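To keep things clear, I will list the structure first and then write my remarks on it.
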Amino acid sequence: MLHHKIVCILRLTLKSVSMLLVSQAPDIVCALRFVVAGVALTPLINWKNVNRRVVGAGVDIGLWIAAGYVAQAFALQSVSSNKAAFICSLQVIVVPFVNSLLGKPLSPSLLGAAAVSLAGVGLLEIGPDNQLTAPDMGDLVCLLQPLCFGMSYIRIEDRIKEFPEESNEIAAFQVHTTAVASLIWVAINYLTHNAAPIDPAEISDPYTIAALLHTGLFSTALTVYLTNTALKDVPAAESSVIVGTEPLWASIFAAILLNEQMTRVDVLGGMLILAGCFLGVSTPSSGDSGGET
């Protein structure tokens, strides 16, 4: 049930981020999102008895997550949230491949799953004139999402096994780490590019506040908490299949909320990516990978 709740929350995540990027720079969007989430999760920390190794676990995971969300924020400036959602689902393939590099077997069926998924990505690169276009910088940045998020899930699995009773504190510290990294990003842009600081007037309208609260409290704080809790009990294959359906819901909400349209080729490409994800998590090697949500 926890993973079903996570999918429900994730349905609107990329839409809210896209709405925020209309008026805010990517670094500011990330900083606002994770500061709000960090404040919400702070009560989970037992400040009287802080374990440095638990803090280190949160920092380890948080840095991978920060890299993934920075890539997402940049990619959404030029890539539709539909395409970003489908490409992000490739994390289901990334996790077992990385695990294979760590000594776990890589089955032929998993290689087939990767081929099917890559074919789907190729279809997403077909432009309005039905011609295959070369990936632009936004597409390449978007591909960093599944890599970074996939690595974060591998680290979450390892750390939750190491500290099963401190999963809530790990969740808080990983979000705090991502918040600090985002604030450093804002400071670097301000100092090196003379970027404008956050203007309260630009984030005071109801729609921006609603999008910020959704991304900070629900799609970040609550999702991280539920994910860390679920990974203690839910098998990896089951969780991957459930969360792997998120791009379908993302596309539906994109059409409803952002008026984004998907061509038949886009739909076919997305379905191939999802087919590859389902095939990937049905193999024995991916069933042992753990944590690929």
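By order in the structure tokens, chains are A, B, ...; within a chain, residues start at 1; ligands start at 1, following the order shown.
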
Enumerate, in order of chain and increasing residue number, the residues of region 8-115 of chain A with an atom no farther than 10 Å from region 160-184 of chain A, each with its shortest atom pair and distance in Å to one decimal, counting only C-alpha atoms, as a tab-separated table.
```
residue	atom	partner	partner_atom	distance
A:Pro26	CA	A:Ser182	CA	9.5
A:Asp27	CA	A:Ser182	CA	6.3
A:Ile28	CA	A:Ser182	CA	7.7
A:Val29	CA	A:Ser182	CA	8.8
A:Cys30	CA	A:Ser182	CA	5.8
A:Ala31	CA	A:Ser182	CA	4.7
A:Leu32	CA	A:Ala179	CA	8.1
A:Arg33	CA	A:Ala179	CA	7.9
A:Phe34	CA	A:Ala179	CA	4.6
A:Val35	CA	A:Ala179	CA	5.3
A:Val36	CA	A:Ala179	CA	8.7
A:Ala37	CA	A:Val175	CA	6.8
A:Gly38	CA	A:His176	CA	5.2
A:Val39	CA	A:His176	CA	8.3
A:Ala40	CA	A:Ala172	CA	8.6
A:Leu41	CA	A:Ala172	CA	5.2
A:Thr42	CA	A:Ala172	CA	6.1
A:Pro43	CA	A:Ala172	CA	8.5
A:Leu44	CA	A:Glu169	CA	5.7
A:Ile45	CA	A:Glu169	CA	5.1
A:Asn46	CA	A:Glu169	CA	7.5
A:Trp47	CA	A:Glu169	CA	9.9
A:Val50	CA	A:Glu169	CA	9.1
A:Asn51	CA	A:Glu166	CA	9.3
A:Arg53	CA	A:Phe163	CA	9.1
A:Val54	CA	A:Ile170	CA	6.2
A:Val55	CA	A:Phe173	CA	6.1
A:Gly56	CA	A:Phe173	CA	8.4
A:Ala57	CA	A:Ile170	CA	6.5
A:Gly58	CA	A:Gln174	CA	4.0
A:Val59	CA	A:Gln174	CA	5.4
A:Asp60	CA	A:Gln174	CA	7.5
A:Ile61	CA	A:Gln174	CA	5.7
A:Gly62	CA	A:Gln174	CA	4.0
A:Leu63	CA	A:Thr178	CA	6.2
A:Trp64	CA	A:Thr178	CA	8.5
A:Ile65	CA	A:Thr178	CA	6.8
A:Ala66	CA	A:Thr178	CA	4.8
A:Ala67	CA	A:Thr178	CA	8.5
A:Tyr69	CA	A:Thr178	CA	8.9
A:Val70	CA	A:Ser182	CA	8.0
```

query: Can you list every residue in region 60-163 of chain A that DSSP puts in helix (DSSP H, G or I), as number ranges by chain?
result: A: 60-75, 81-88, 91-101, 108-124, 137-142, 144-162

Dump C-alpha atoms for the selected residues as a short mmCIF file (atom, residue, chain, number, x, y, z; two decimals), in the first residue's frame?
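As a result, result_26.cif now contains:
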```
data_model
loop_
_atom_site.label_atom_id
_atom_site.label_comp_id
_atom_site.auth_asym_id
_atom_site.auth_seq_id
_atom_site.Cartn_x
_atom_site.Cartn_y
_atom_site.Cartn_z
CA ASP A 60 25.58 9.63 0.95
CA ILE A 61 22.03 9.17 -0.31
CA GLY A 62 21.25 12.89 -0.35
CA LEU A 63 24.10 13.75 -2.71
CA TRP A 64 22.88 11.26 -5.31
CA ILE A 65 19.33 12.58 -4.96
CA ALA A 66 20.55 16.17 -5.24
CA ALA A 67 22.32 15.38 -8.51
CA GLY A 68 19.16 13.75 -9.86
CA TYR A 69 16.91 16.68 -9.00
CA VAL A 70 19.39 19.23 -10.33
CA ALA A 71 19.39 17.30 -13.62
CA GLN A 72 15.59 17.21 -13.54
CA ALA A 73 15.28 20.95 -12.98
CA PHE A 74 17.63 21.73 -15.87
CA ALA A 75 16.01 19.18 -18.20
CA SER A 81 7.36 16.57 -18.36
CA ASN A 82 5.92 13.62 -20.33
CA LYS A 83 9.29 12.77 -21.87
CA ALA A 84 11.13 13.46 -18.61
CA ALA A 85 8.85 11.05 -16.75
CA PHE A 86 9.35 8.22 -19.23
CA ILE A 87 13.13 8.70 -19.34
CA CYS A 88 13.25 8.82 -15.53
CA GLN A 91 16.05 3.83 -13.33
CA VAL A 92 14.37 0.41 -13.13
CA ILE A 93 16.91 -0.78 -15.72
CA VAL A 94 19.84 1.20 -14.28
CA VAL A 95 19.69 -0.43 -10.84
CA PRO A 96 20.22 -4.07 -11.91
CA PHE A 97 22.89 -3.02 -14.41
CA VAL A 98 24.82 -1.21 -11.68
CA ASN A 99 24.33 -4.16 -9.36
CA SER A 100 25.80 -6.40 -12.06
CA LEU A 101 28.95 -4.30 -11.95
CA PRO A 108 20.14 -12.04 -21.27
CA SER A 109 16.51 -11.09 -20.61
CA LEU A 110 17.71 -7.97 -18.80
CA LEU A 111 19.81 -7.03 -21.82
CA GLY A 112 16.67 -7.45 -23.90
CA ALA A 113 14.77 -5.21 -21.48
CA ALA A 114 17.42 -2.52 -21.88
CA ALA A 115 17.20 -2.77 -25.67
CA VAL A 116 13.41 -2.37 -25.59
CA SER A 117 13.69 0.64 -23.28
CA LEU A 118 16.36 2.29 -25.43
CA ALA A 119 14.12 1.80 -28.46
CA GLY A 120 11.40 3.65 -26.58
CA VAL A 121 13.79 6.53 -25.81
CA GLY A 122 14.63 6.65 -29.52
CA LEU A 123 10.95 7.03 -30.43
CA LEU A 124 10.64 9.90 -27.96
CA MET A 137 21.48 19.01 -24.25
CA GLY A 138 18.16 18.83 -22.39
CA ASP A 139 17.70 15.19 -23.37
CA LEU A 140 21.24 14.29 -22.31
CA VAL A 141 20.79 16.04 -18.96
CA CYS A 142 17.47 14.23 -18.56
CA LEU A 144 21.18 11.74 -15.67
CA GLN A 145 17.91 11.34 -13.73
CA PRO A 146 17.67 7.53 -13.92
CA LEU A 147 21.39 7.17 -13.25
CA CYS A 148 21.43 9.37 -10.14
CA PHE A 149 18.08 8.22 -8.77
CA GLY A 150 18.97 4.59 -9.48
CA MET A 151 22.21 4.97 -7.54
CA SER A 152 20.32 6.58 -4.66
CA TYR A 153 17.99 3.58 -4.44
CA ILE A 154 20.95 1.21 -4.32
CA ARG A 155 22.43 3.24 -1.49
CA ILE A 156 19.07 3.43 0.33
CA GLU A 157 18.75 -0.35 0.19
CA ASP A 158 22.24 -0.82 1.63
CA ARG A 159 21.82 1.80 4.34
CA ILE A 160 18.35 0.67 5.43
CA LYS A 161 19.71 -2.85 5.87
CA GLU A 162 22.56 -1.42 7.94
#
```

field: For Leu90 (chain A), the nearest of the candidates A:Leu217, A:Ala211, A:Leu268, A:Leu143, counting only C-alpha atoms
entry: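 Residue with the minimum atom-to-atom distance to Leu90 (chain A): A:Leu143.
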
- request: Mind giving me the straight-line distance from CA of Val265 (chain A) to CA of Ser80 (chain A) in Å, one decimal?
  value: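 Distance between the two atoms: 14.6 Å.
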